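Have a look at upload_28.cif below; it lists mmCIF, C-alpha atoms.
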data_query
loop_
_atom_site.group_PDB
_atom_site.id
_atom_site.type_symbol
_atom_site.label_atom_id
_atom_site.label_comp_id
_atom_site.auth_asym_id
_atom_site.auth_seq_id
_atom_site.Cartn_x
_atom_site.Cartn_y
_atom_site.Cartn_z
ATOM 1 C CA MET K 19 1.644 -25.879 -34.415
ATOM 2 C CA SER K 20 -2.042 -26.552 -34.617
ATOM 3 C CA LYS K 21 -4.065 -24.765 -37.215
ATOM 4 C CA GLU K 22 -6.274 -22.865 -34.791
ATOM 5 C CA ASP K 23 -4.044 -21.614 -32.038
ATOM 6 C CA ALA K 24 -0.678 -20.891 -33.760
ATOM 7 C CA ILE K 25 1.301 -21.760 -30.641
ATOM 8 C CA PRO K 26 5.064 -21.124 -31.033
ATOM 9 C CA PRO K 27 7.240 -24.271 -30.787
ATOM 10 C CA GLY K 28 8.144 -25.105 -27.213
ATOM 11 C CA TRP K 29 5.382 -22.903 -25.810
ATOM 12 C CA SER K 30 2.261 -23.930 -23.921
ATOM 13 C CA TYR K 31 0.155 -21.026 -25.251
ATOM 14 C CA ASN K 32 0.156 -18.430 -27.995
ATOM 15 C CA PRO K 33 1.336 -15.030 -26.709
ATOM 16 C CA ALA K 34 -0.073 -13.364 -29.852
ATOM 17 C CA SER K 35 -3.651 -14.562 -29.272
ATOM 18 C CA TRP K 36 -6.316 -11.875 -28.907
ATOM 19 C CA GLN K 37 -7.019 -12.964 -25.383
ATOM 20 C CA GLN K 38 -3.383 -12.115 -24.593
ATOM 21 C CA ARG K 39 -3.220 -8.889 -26.577
ATOM 22 C CA LEU K 40 -6.587 -7.225 -25.997
ATOM 23 C CA PRO K 41 -6.024 -6.408 -22.289
ATOM 24 C CA ILE K 42 -2.797 -4.579 -23.219
ATOM 25 C CA VAL K 43 -4.568 -2.658 -25.989
ATOM 26 C CA ILE K 44 -7.348 -1.666 -23.582
ATOM 27 C CA ALA K 45 -4.787 -0.552 -20.969
ATOM 28 C CA ALA K 46 -3.021 1.527 -23.636
ATOM 29 C CA LEU K 47 -6.296 3.164 -24.655
ATOM 30 C CA VAL K 48 -7.092 4.061 -21.029
ATOM 31 C CA GLY K 49 -3.581 5.518 -20.747
ATOM 32 C CA PHE K 50 -4.173 7.438 -23.959
ATOM 33 C CA ALA K 51 -7.441 8.900 -22.645
ATOM 34 C CA ILE K 52 -5.906 10.056 -19.350
ATOM 35 C CA ALA K 53 -2.763 11.449 -21.013
ATOM 36 C CA THR K 54 -4.891 13.311 -23.568
ATOM 37 C CA TYR K 55 -6.873 14.914 -20.738
ATOM 38 C CA LEU K 56 -3.657 15.975 -18.966
ATOM 39 C CA GLY K 57 -2.198 17.179 -22.265
ATOM 40 C CA LEU K 58 -5.259 19.348 -22.932
ATOM 41 C CA PHE K 59 -4.734 20.965 -19.535
ATOM 42 C CA GLN K 60 -1.076 21.589 -20.349
ATOM 43 C CA LEU K 61 -2.054 23.121 -23.696
ATOM 44 C CA LYS K 62 -4.477 25.372 -21.762
ATOM 45 C CA VAL K 63 -7.476 24.027 -23.663
ATOM 46 C CA ILE K 64 -9.055 23.242 -20.288
ATOM 47 C CA ASP K 65 -8.173 25.310 -17.227
ATOM 48 C CA THR K 66 -8.723 22.941 -14.302
ATOM 49 C CA VAL K 67 -7.347 19.485 -13.656
ATOM 50 C CA TRP K 68 -8.895 16.771 -11.478
ATOM 51 C CA GLU K 69 -6.889 16.130 -8.298
ATOM 52 C CA PRO K 70 -8.607 14.257 -5.451
ATOM 53 C CA PHE K 71 -5.691 13.706 -3.038
ATOM 54 C CA PHE K 72 -2.745 16.066 -3.355
ATOM 55 C CA GLY K 73 -4.324 19.540 -3.384
ATOM 56 C CA ASN K 74 -2.366 21.722 -5.767
ATOM 57 C CA GLY K 75 -0.091 18.795 -6.734
ATOM 58 C CA SER K 76 -1.327 18.059 -10.239
ATOM 59 C CA ARG K 77 -1.217 21.701 -11.267
ATOM 60 C CA LYS K 78 2.289 22.064 -9.860
ATOM 61 C CA ILE K 79 3.562 18.965 -11.681
ATOM 62 C CA LEU K 80 1.819 19.630 -14.976
ATOM 63 C CA THR K 81 3.081 23.207 -15.189
ATOM 64 C CA SER K 82 6.595 22.390 -13.936
ATOM 65 C CA LYS K 83 9.767 23.126 -15.893
ATOM 66 C CA THR K 84 10.405 19.431 -16.496
ATOM 67 C CA SER K 85 7.037 18.980 -18.171
ATOM 68 C CA GLN K 86 7.855 21.807 -20.618
ATOM 69 C CA ILE K 87 11.429 20.702 -21.332
ATOM 70 C CA LEU K 88 10.500 19.686 -24.890
ATOM 71 C CA PRO K 89 8.594 21.848 -27.379
ATOM 72 C CA VAL K 90 5.509 19.668 -26.778
ATOM 73 C CA PRO K 91 4.140 19.171 -23.214
ATOM 74 C CA ASP K 92 5.078 15.778 -21.757
ATOM 75 C CA ALA K 93 1.502 14.487 -21.404
ATOM 76 C CA VAL K 94 0.936 15.068 -25.140
ATOM 77 C CA LEU K 95 4.023 12.954 -25.865
ATOM 78 C CA GLY K 96 2.687 10.360 -23.419
ATOM 79 C CA ALA K 97 -0.637 10.292 -25.265
ATOM 80 C CA ILE K 98 1.192 9.691 -28.558
ATOM 81 C CA GLY K 99 3.181 6.911 -26.862
ATOM 82 C CA TYR K 100 0.021 5.150 -25.636
ATOM 83 C CA LEU K 101 -1.552 5.461 -29.065
ATOM 84 C CA VAL K 102 1.516 3.875 -30.682
ATOM 85 C CA ASP K 103 1.324 1.052 -28.099
ATOM 86 C CA ALA K 104 -2.371 0.485 -28.819
ATOM 87 C CA LEU K 105 -1.785 0.418 -32.584
ATOM 88 C CA ALA K 106 1.231 -1.878 -32.292
ATOM 89 C CA GLY K 107 -0.854 -4.148 -30.096
ATOM 90 C CA VAL K 108 -3.758 -4.368 -32.495
ATOM 91 C CA ILE K 109 -1.985 -4.780 -35.866
ATOM 92 C CA GLY K 110 -1.600 -8.318 -37.216
ATOM 93 C CA GLY K 111 -3.216 -11.709 -36.671
ATOM 94 C CA ILE K 112 -2.544 -14.401 -34.110
ATOM 95 C CA ARG K 113 0.482 -15.651 -36.091
ATOM 96 C CA ARG K 114 2.181 -12.297 -36.100
ATOM 97 C CA TRP K 115 5.054 -13.469 -33.864
ATOM 98 C CA ARG K 116 6.166 -15.354 -37.004
ATOM 99 C CA THR K 117 4.534 -13.523 -39.921
ATOM 100 C CA MET K 118 5.463 -9.986 -38.879
ATOM 101 C CA PRO K 119 8.178 -9.934 -36.197
ATOM 102 C CA TRP K 120 8.836 -6.231 -36.876
ATOM 103 C CA ILE K 121 5.527 -5.148 -35.328
ATOM 104 C CA VAL K 122 5.898 -7.456 -32.318
ATOM 105 C CA ILE K 123 9.422 -6.244 -31.640
ATOM 106 C CA ALA K 124 8.383 -2.601 -32.227
ATOM 107 C CA PHE K 125 5.516 -3.187 -29.778
ATOM 108 C CA GLY K 126 7.885 -4.548 -27.133
ATOM 109 C CA LEU K 127 10.316 -1.706 -27.694
ATOM 110 C CA ALA K 128 7.520 0.903 -27.534
ATOM 111 C CA VAL K 129 6.143 -0.455 -24.264
ATOM 112 C CA GLY K 130 9.567 -0.664 -22.575
ATOM 113 C CA PRO K 131 10.772 2.967 -22.835
ATOM 114 C CA LEU K 132 7.302 4.372 -22.150
ATOM 115 C CA GLY K 133 7.300 2.459 -18.868
ATOM 116 C CA PHE K 134 10.832 3.621 -18.074
ATOM 117 C CA VAL K 135 10.024 7.302 -18.711
ATOM 118 C CA SER K 136 6.847 6.999 -16.628
ATOM 119 C CA VAL K 137 8.786 5.692 -13.626
ATOM 120 C CA LEU K 138 11.382 8.421 -14.084
ATOM 121 C CA LEU K 139 8.636 11.062 -14.013
ATOM 122 C CA VAL K 140 7.129 9.480 -10.879
ATOM 123 C CA VAL K 141 10.516 9.806 -9.173
ATOM 124 C CA LEU K 142 10.949 13.435 -10.280
ATOM 125 C CA GLN K 143 7.559 14.560 -8.924
ATOM 126 C CA PRO K 144 8.362 14.450 -5.189
ATOM 127 C CA VAL K 145 12.145 14.792 -5.472
ATOM 128 C CA MET K 146 12.162 17.963 -7.567
ATOM 129 C CA TYR K 147 8.773 19.543 -6.946
ATOM 130 C CA ASP K 148 7.687 18.080 -3.609
ATOM 131 C CA ALA K 149 4.296 17.248 -5.095
ATOM 132 C CA TRP K 150 2.296 14.315 -6.474
ATOM 133 C CA CYS K 151 -0.162 14.177 -9.322
ATOM 134 C CA THR K 152 -2.829 11.471 -9.054
ATOM 135 C CA LEU K 153 -3.558 11.031 -12.753
ATOM 136 C CA CYS K 154 0.161 11.105 -13.627
ATOM 137 C CA LEU K 155 0.700 8.280 -11.116
ATOM 138 C CA SER K 156 -2.219 6.344 -12.639
ATOM 139 C CA THR K 157 -0.804 6.547 -16.150
ATOM 140 C CA ALA K 158 2.613 5.481 -14.842
ATOM 141 C CA LEU K 159 1.006 2.434 -13.229
ATOM 142 C CA ILE K 160 -0.719 1.593 -16.525
ATOM 143 C CA SER K 161 2.532 1.770 -18.480
ATOM 144 C CA VAL K 162 4.358 -0.429 -15.950
ATOM 145 C CA VAL K 163 1.549 -3.004 -15.953
ATOM 146 C CA MET K 164 1.769 -3.213 -19.778
ATOM 147 C CA ILE K 165 5.458 -4.208 -19.833
ATOM 148 C CA GLY K 166 5.194 -7.822 -18.593
ATOM 149 C CA PRO K 167 2.395 -9.007 -20.906
ATOM 150 C CA ALA K 168 4.007 -7.376 -23.978
ATOM 151 C CA MET K 169 7.355 -9.064 -23.368
ATOM 152 C CA ASP K 170 6.250 -12.690 -23.808
ATOM 153 C CA GLU K 171 5.184 -12.038 -27.374
ATOM 154 C CA MET K 172 8.475 -10.304 -28.123
ATOM 155 C CA LEU K 173 10.272 -13.345 -26.685
ATOM 156 C CA ALA K 174 8.406 -15.620 -29.112
ATOM 157 C CA SER K 175 9.401 -13.386 -32.043
ATOM 158 C CA LEU K 176 13.047 -13.195 -30.960
ATOM 159 C CA GLN K 177 13.187 -16.992 -30.643
ATOM 160 C CA TYR K 178 11.730 -17.219 -34.159
ATOM 161 C CA MET K 179 14.439 -14.836 -35.414
ATOM 162 C CA LYS K 180 17.057 -17.071 -33.786
ATOM 163 C CA ARG K 181 15.681 -20.099 -35.693
ATOM 164 C CA VAL K 182 15.728 -18.036 -38.900
ATOM 165 C CA LYS K 183 19.372 -17.195 -38.251
ATOM 166 C CA ASP K 184 20.293 -20.836 -37.540
ATOM 167 C CA ALA K 185 18.531 -21.942 -40.730
ATOM 168 C CA ARG K 186 20.564 -19.334 -42.681
ATOM 169 C CA VAL K 187 17.408 -17.752 -44.047
ATOM 170 C CA SER K 188 17.567 -13.982 -44.612
ATOM 171 C CA MET K 189 16.861 -12.362 -41.244
ATOM 172 C CA TRP K 190 15.967 -9.121 -43.009
ATOM 173 C CA LYS K 191 13.227 -10.777 -45.044
ATOM 174 C CA ALA K 192 11.947 -12.772 -42.080
ATOM 175 C CA PHE K 193 11.865 -9.663 -39.889
ATOM 176 C CA TRP K 194 9.667 -7.772 -42.335
ATOM 177 C CA GLY K 195 7.582 -10.873 -43.077
ATOM 178 C CA TYR K 196 8.365 -11.263 -46.810
ATOM 179 C CA LYS K 197 6.070 -13.832 -48.438
ATOM 180 C CA GLU K 198 9.013 -15.701 -49.992
ATOM 181 C CA VAL K 199 10.471 -16.720 -46.632
ATOM 182 C CA GLN K 200 7.157 -17.661 -45.024
ATOM 183 C CA GLY K 201 7.176 -21.326 -44.127
ATOM 184 C CA LYS K 202 10.921 -21.832 -44.494
ATOM 185 C CA VAL K 203 11.278 -21.693 -40.749
ATOM 186 C CA ILE K 204 8.683 -22.657 -38.166
ATOM 187 C CA MET L 24 3.494 -14.218 -7.572
ATOM 188 C CA TRP L 25 2.201 -13.306 -4.069
ATOM 189 C CA ALA L 26 5.754 -12.416 -3.033
ATOM 190 C CA GLN L 27 6.007 -9.891 -5.868
ATOM 191 C CA VAL L 28 2.577 -8.481 -4.978
ATOM 192 C CA ILE L 29 3.901 -7.815 -1.473
ATOM 193 C CA ASN L 30 7.064 -6.240 -2.898
ATOM 194 C CA ALA L 31 4.959 -3.938 -5.082
ATOM 195 C CA ILE L 32 2.979 -2.883 -1.994
ATOM 196 C CA LEU L 33 6.244 -2.344 -0.073
ATOM 197 C CA GLY L 34 7.492 -0.102 -2.885
ATOM 198 C CA ILE L 35 4.308 1.965 -2.755
ATOM 199 C CA TRP L 36 4.559 2.023 1.061
ATOM 200 C CA LEU L 37 8.034 3.557 0.713
ATOM 201 C CA MET L 38 6.543 6.331 -1.407
ATOM 202 C CA ALA L 39 3.994 7.122 1.305
ATOM 203 C CA SER L 40 5.846 6.243 4.526
ATOM 204 C CA ALA L 41 7.535 9.627 5.103
ATOM 205 C CA ALA L 42 4.169 11.365 5.127
ATOM 206 C CA ILE L 43 2.526 8.650 7.252
ATOM 207 C CA LEU L 44 5.367 8.141 9.758
ATOM 208 C CA GLY L 45 6.021 11.875 10.027
ATOM 209 C CA TYR L 46 9.583 12.546 8.868
ATOM 210 C CA SER L 47 8.782 14.234 5.569
ATOM 211 C CA ASN L 48 10.820 17.290 6.620
ATOM 212 C CA ILE L 49 14.100 15.331 6.263
ATOM 213 C CA LYS L 50 14.913 15.731 2.570
ATOM 214 C CA ILE L 51 17.645 13.089 2.252
ATOM 215 C CA ILE L 52 15.472 10.305 3.710
ATOM 216 C CA THR L 53 12.352 11.186 1.751
ATOM 217 C CA ASP L 54 14.299 11.562 -1.507
ATOM 218 C CA ASN L 55 15.863 8.137 -1.043
ATOM 219 C CA GLU L 56 12.461 6.568 -0.361
ATOM 220 C CA HIS L 57 10.803 8.426 -3.219
ATOM 221 C CA ILE L 58 13.426 7.097 -5.637
ATOM 222 C CA ALA L 59 13.719 3.518 -4.358
ATOM 223 C CA GLY L 60 9.952 3.070 -3.833
ATOM 224 C CA PRO L 61 8.698 3.519 -7.424
ATOM 225 C CA VAL L 62 11.610 1.522 -8.855
ATOM 226 C CA ILE L 63 11.020 -1.413 -6.482
ATOM 227 C CA ALA L 64 7.265 -1.334 -7.185
ATOM 228 C CA SER L 65 7.893 -1.289 -10.965
ATOM 229 C CA PHE L 66 10.310 -4.246 -10.953
ATOM 230 C CA ALA L 67 7.902 -6.174 -8.717
ATOM 231 C CA ILE L 68 4.914 -5.459 -10.985
ATOM 232 C CA ILE L 69 6.850 -6.446 -14.133
ATOM 233 C CA SER L 70 7.708 -9.770 -12.491
ATOM 234 C CA TRP L 71 4.028 -10.593 -11.830
ATOM 235 C CA TRP L 72 4.052 -12.219 -15.280
ATOM 236 C CA GLU L 73 5.808 -15.544 -15.711
ATOM 237 C CA ALA L 74 7.754 -14.568 -18.841
ATOM 238 C CA THR L 75 9.359 -11.649 -16.989
ATOM 239 C CA ARG L 76 9.517 -13.270 -13.529
ATOM 240 C CA VAL L 77 13.320 -12.957 -13.597
ATOM 241 C CA VAL L 78 13.022 -9.157 -13.218
ATOM 242 C CA ARG L 79 12.223 -9.751 -9.515
ATOM 243 C CA LEU L 80 15.956 -10.266 -8.944
ATOM 244 C CA TYR L 81 16.653 -6.633 -9.897
ATOM 245 C CA ASN L 82 15.105 -5.799 -6.532
ATOM 246 C CA VAL L 83 17.809 -7.674 -4.600
ATOM 247 C CA PRO L 84 20.393 -4.836 -4.839
ATOM 248 C CA LEU L 85 17.660 -2.279 -4.101
ATOM 249 C CA GLY L 86 16.590 -4.204 -0.994
ATOM 250 C CA LEU L 87 20.202 -4.449 0.165
ATOM 251 C CA TRP L 88 20.630 -0.723 -0.454
ATOM 252 C CA LEU L 89 17.680 -0.002 1.865
ATOM 253 C CA LEU L 90 19.429 -2.030 4.584
ATOM 254 C CA LEU L 91 22.583 0.078 4.166
ATOM 255 C CA ALA L 92 21.025 3.478 3.372
ATOM 256 C CA PRO L 93 20.459 4.620 6.997
ATOM 257 C CA TRP L 94 24.199 4.206 7.674
ATOM 258 C CA VAL L 95 25.524 5.424 4.322
ATOM 259 C CA LEU L 96 23.276 8.494 4.210
ATOM 260 C CA GLY L 97 23.397 9.035 7.996
ATOM 261 C CA TYR L 98 19.688 8.938 8.906
ATOM 262 C CA ASP L 99 19.125 10.746 12.227
ATOM 263 C CA ASN L 100 15.596 9.438 12.653
ATOM 264 C CA THR L 101 14.984 6.094 14.360
ATOM 265 C CA THR L 102 11.569 5.493 12.784
ATOM 266 C CA ALA L 103 12.985 6.027 9.302
ATOM 267 C CA THR L 104 15.975 3.773 10.035
ATOM 268 C CA VAL L 105 13.783 0.924 11.296
ATOM 269 C CA ASN L 106 11.371 1.379 8.376
ATOM 270 C CA SER L 107 14.163 1.342 5.791
ATOM 271 C CA MET L 108 15.846 -1.743 7.241
ATOM 272 C CA LEU L 109 12.599 -3.646 7.700
ATOM 273 C CA VAL L 110 11.417 -2.911 4.151
ATOM 274 C CA GLY L 111 14.916 -3.646 2.810
ATOM 275 C CA ALA L 112 15.062 -7.048 4.508
ATOM 276 C CA LEU L 113 11.583 -7.986 3.295
ATOM 277 C CA VAL L 114 12.186 -6.832 -0.286
ATOM 278 C CA THR L 115 15.505 -8.697 -0.475
ATOM 279 C CA GLY L 116 14.038 -11.929 0.873
ATOM 280 C CA LEU L 117 10.861 -11.826 -1.204
ATOM 281 C CA SER L 118 12.812 -11.074 -4.402
ATOM 282 C CA PHE L 119 14.241 -14.585 -4.234
ATOM 283 C CA VAL L 120 10.774 -16.185 -4.125
ATOM 284 C CA LYS L 121 10.220 -17.406 -7.659
ATOM 285 C CA GLY L 122 6.712 -18.772 -7.231
ATOM 286 C CA LYS L 123 4.921 -21.015 -9.697
ATOM 287 C CA VAL L 124 5.778 -20.948 -13.394
ATOM 288 C CA GLU L 125 3.136 -23.059 -15.086
ATOM 289 C CA GLU L 126 3.490 -22.201 -18.770
ATOM 290 C CA THR L 127 6.460 -23.024 -20.995
ATOM 291 C CA TYR L 128 8.260 -20.355 -23.004
ATOM 292 C CA GLY L 129 10.352 -22.184 -25.592
ATOM 293 C CA GLY L 130 13.390 -22.107 -23.314
ATOM 294 C CA GLY L 131 13.034 -18.497 -22.136
ATOM 295 C CA TRP L 132 15.234 -15.467 -22.758
ATOM 296 C CA SER L 133 18.556 -17.303 -22.949
ATOM 297 C CA ALA L 134 17.136 -19.312 -25.869
ATOM 298 C CA ILE L 135 17.477 -16.176 -28.022
ATOM 299 C CA TRP L 136 21.259 -16.653 -28.266
ATOM 300 C CA LYS L 137 21.825 -20.285 -27.202
ATOM 301 C CA SER L 138 21.752 -23.030 -29.812
ATOM 302 C CA ASP L 139 19.866 -26.275 -29.368
ATOM 303 C CA SER L 140 17.308 -24.757 -27.026
ATOM 304 C CA MET L 141 13.783 -25.958 -26.393
ATOM 305 C CA HIS L 142 12.088 -23.937 -29.147
ATOM 306 C CA ALA L 143 14.653 -25.044 -31.764
ATOM 307 C CA ARG L 144 14.241 -28.733 -30.864
ATOM 308 C CA GLU L 145 10.446 -28.455 -30.849
ATOM 309 C CA ALA L 146 10.435 -26.657 -34.209
ATOM 310 C CA LYS L 147 12.414 -29.500 -35.799
ATOM 311 C CA ARG L 148 9.899 -32.076 -34.640
ATOM 312 C CA GLN L 149 6.873 -30.202 -35.892
ATOM 313 C CA PRO L 150 5.200 -30.986 -39.186
ATOM 314 C CA ARG L 151 5.291 -28.132 -41.674
ATOM 315 C CA VAL L 152 1.647 -27.310 -41.990
ATOM 316 C CA ASP L 153 -0.292 -24.093 -42.065
ATOM 317 C CA LEU L 154 2.762 -22.018 -42.862
ATOM 318 C CA ASP L 155 1.493 -20.051 -45.811
ATOM 319 C CA LYS L 156 -0.955 -18.094 -43.689
#
Full structure transcribed into structure tokens:
Amino acid sequence: MSKEDAIPPGWSYNPASWQQRLPIVIAALVGFAIATYLGLFQLKVIDTVWEPFFGNGSRKILTSKTSQILPVPDAVLGAIGYLVDALAGVIGGIRRWRTMPWIVIAFGLAVGPLGFVSVLLVVLQPVMYDAWCTLCLSTALISVVMIGPAMDEMLASLQYMKRVKDARVSMWKAFWGYKEVQGKVI
Amino acid sequence: MWAQVINAILGIWLMASAAILGYSNIKIITDNEHIAGPVIASFAIISWWEATRVVRLYNVPLGLWLLLAPWVLGYDNTTATVNSMLVGALVTGLSFVKGKVEETYGGGWSAIWKSDSMHAREAKRQPRVDLDK
């Protein structure tokens, strides 16, 4: 592990470097912006929604029963999801795969389900409502694109947790990044 | 990676093909394509990255399903049948194309539960420096 790049053992690069993480954070922020816009439409703060291809599609999807199934409109929940992803992507330094596995694993777990729900909603649009919504499809694409690049960092953290386990160091303390276990396991 | 780019495009093509090829009035065919399409595209996109390249294999059963779907669901439209089988064959074949993996990942996903994997061996050899940061 060289001092500058904090590369995990057995890796050829550091998945927690800023160059690796920033694109995901930017994607999450774009997703957040679009979802906020759609959420404002659903909350009736704005009364039109941009739809270049599918005519009445966006309106149909965004006012559908499925989108109102929870007390909060689905785009608002999406916006919160993207914000959580962006925050989880930005917290911690380039050694965070080892110094704070909890945030890396939370990041991976936040990106996964958001992507899954997005794909589910893409399937429901034409199957249940016979309509498409351009911006909803765009946010779904963003959440799917984020999955791959977030997973490598989670892999590095999970491998670290495995080494912690094999060294019989407290996994609880290592997971939360307690100072007293820092350096016991590489 | 090119193979998974093509699979992603094929998935998106499935989403659009009913409207383009003109059988969007047949609900069972369009529903099948509108479900399989986004899922295939998603798995393909996730496998663009080397660390998650293995996800491409999830598209093998989906590709095989597209080959069978016209017979199982009883498509009565030749264009849709040919489209489904052609896309199914391509997706299945391309899912097996691994492509280049240039980086190393400490032994990959199986190294999370296997002992004596690459990351564990490498960690033992490394000097303990810079660990208090």
Which is closer to chain L than all the others in K:Cys151, K:Val162, K:Ala185, K:Leu95, using all atoms listed in the file?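 Ranked by minimum distance to chain L, first place goes to K:Val162.
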So how far away is CA of Tyr147 (chain K) from CA of Arg77 (chain K), in Å? 11.1 Å
Expand the PyMOL selection byres ((chain L) within 6 of (chain K)) into the individual residues it matches in the shown file, reporting them as a PyMOL selection string. chain L and resi 54+58+69+72+74-75+126-129+135+141-142+145-146+154
Across L:Ser107, L:Ser133, L:Thr101, L:Gln149, the smallest distance to His57 (chain L), with only C-alpha atoms counted, is shown by L:Ser107
Go through the shown structure with the PyMOL selection byres ((chain K and resi 53) around 10) and write out the matching residues as number ranges by chain. K: 47-52, 54-59, 92-100, 153-154, 156-157
Could you take the residues named above and write them with C-alpha atoms, as a PDB file, in the frame of the given file?
ATOM      1  CA  LEU K  47      -6.296   3.164 -24.655  1.00  0.00           C
ATOM      2  CA  VAL K  48      -7.092   4.061 -21.029  1.00  0.00           C
ATOM      3  CA  GLY K  49      -3.581   5.518 -20.747  1.00  0.00           C
ATOM      4  CA  PHE K  50      -4.173   7.438 -23.959  1.00  0.00           C
ATOM      5  CA  ALA K  51      -7.441   8.900 -22.645  1.00  0.00           C
ATOM      6  CA  ILE K  52      -5.906  10.056 -19.350  1.00  0.00           C
ATOM      7  CA  THR K  54      -4.891  13.311 -23.568  1.00  0.00           C
ATOM      8  CA  TYR K  55      -6.873  14.914 -20.738  1.00  0.00           C
ATOM      9  CA  LEU K  56      -3.657  15.975 -18.966  1.00  0.00           C
ATOM     10  CA  GLY K  57      -2.198  17.179 -22.265  1.00  0.00           C
ATOM     11  CA  LEU K  58      -5.259  19.348 -22.932  1.00  0.00           C
ATOM     12  CA  PHE K  59      -4.734  20.965 -19.535  1.00  0.00           C
ATOM     13  CA  ASP K  92       5.078  15.778 -21.757  1.00  0.00           C
ATOM     14  CA  ALA K  93       1.502  14.487 -21.404  1.00  0.00           C
ATOM     15  CA  VAL K  94       0.936  15.068 -25.140  1.00  0.00           C
ATOM     16  CA  LEU K  95       4.023  12.954 -25.865  1.00  0.00           C
ATOM     17  CA  GLY K  96       2.687  10.360 -23.419  1.00  0.00           C
ATOM     18  CA  ALA K  97      -0.637  10.292 -25.265  1.00  0.00           C
ATOM     19  CA  ILE K  98       1.192   9.691 -28.558  1.00  0.00           C
ATOM     20  CA  GLY K  99       3.181   6.911 -26.862  1.00  0.00           C
ATOM     21  CA  TYR K 100       0.021   5.150 -25.636  1.00  0.00           C
ATOM     22  CA  LEU K 153      -3.558  11.031 -12.753  1.00  0.00           C
ATOM     23  CA  CYS K 154       0.161  11.105 -13.627  1.00  0.00           C
ATOM     24  CA  SER K 156      -2.219   6.344 -12.639  1.00  0.00           C
ATOM     25  CA  THR K 157      -0.804   6.547 -16.150  1.00  0.00           C
TER      26      THR K 157
END
Gly34 (chain L) proximity check over L:Val110, L:Ala103, L:Ile52, L:Val77, using all atoms listed in the file: winner is L:Val110
To one decimal in Å, tell me the separation between CA of Val129 (chain K) and CA of Asp103 (chain K).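 Those two atoms sit 6.3 Å apart.
Nearest residue to Gly126 (chain K), choosing from K:Leu155, K:Leu88, K:Ala149, K:Val102 and counting all atoms listed in the file: K:Val102.
Interatomic distance, CA of Gln27 (chain L) to CA of Ala67 (chain L): 5.1 Å.
Each of K:Ile109, K:Leu80, K:Val187, K:Ala124 was compared to Leu139 (chain K) using all atoms listed in the file, and K:Leu80 turns out to be the nearest.
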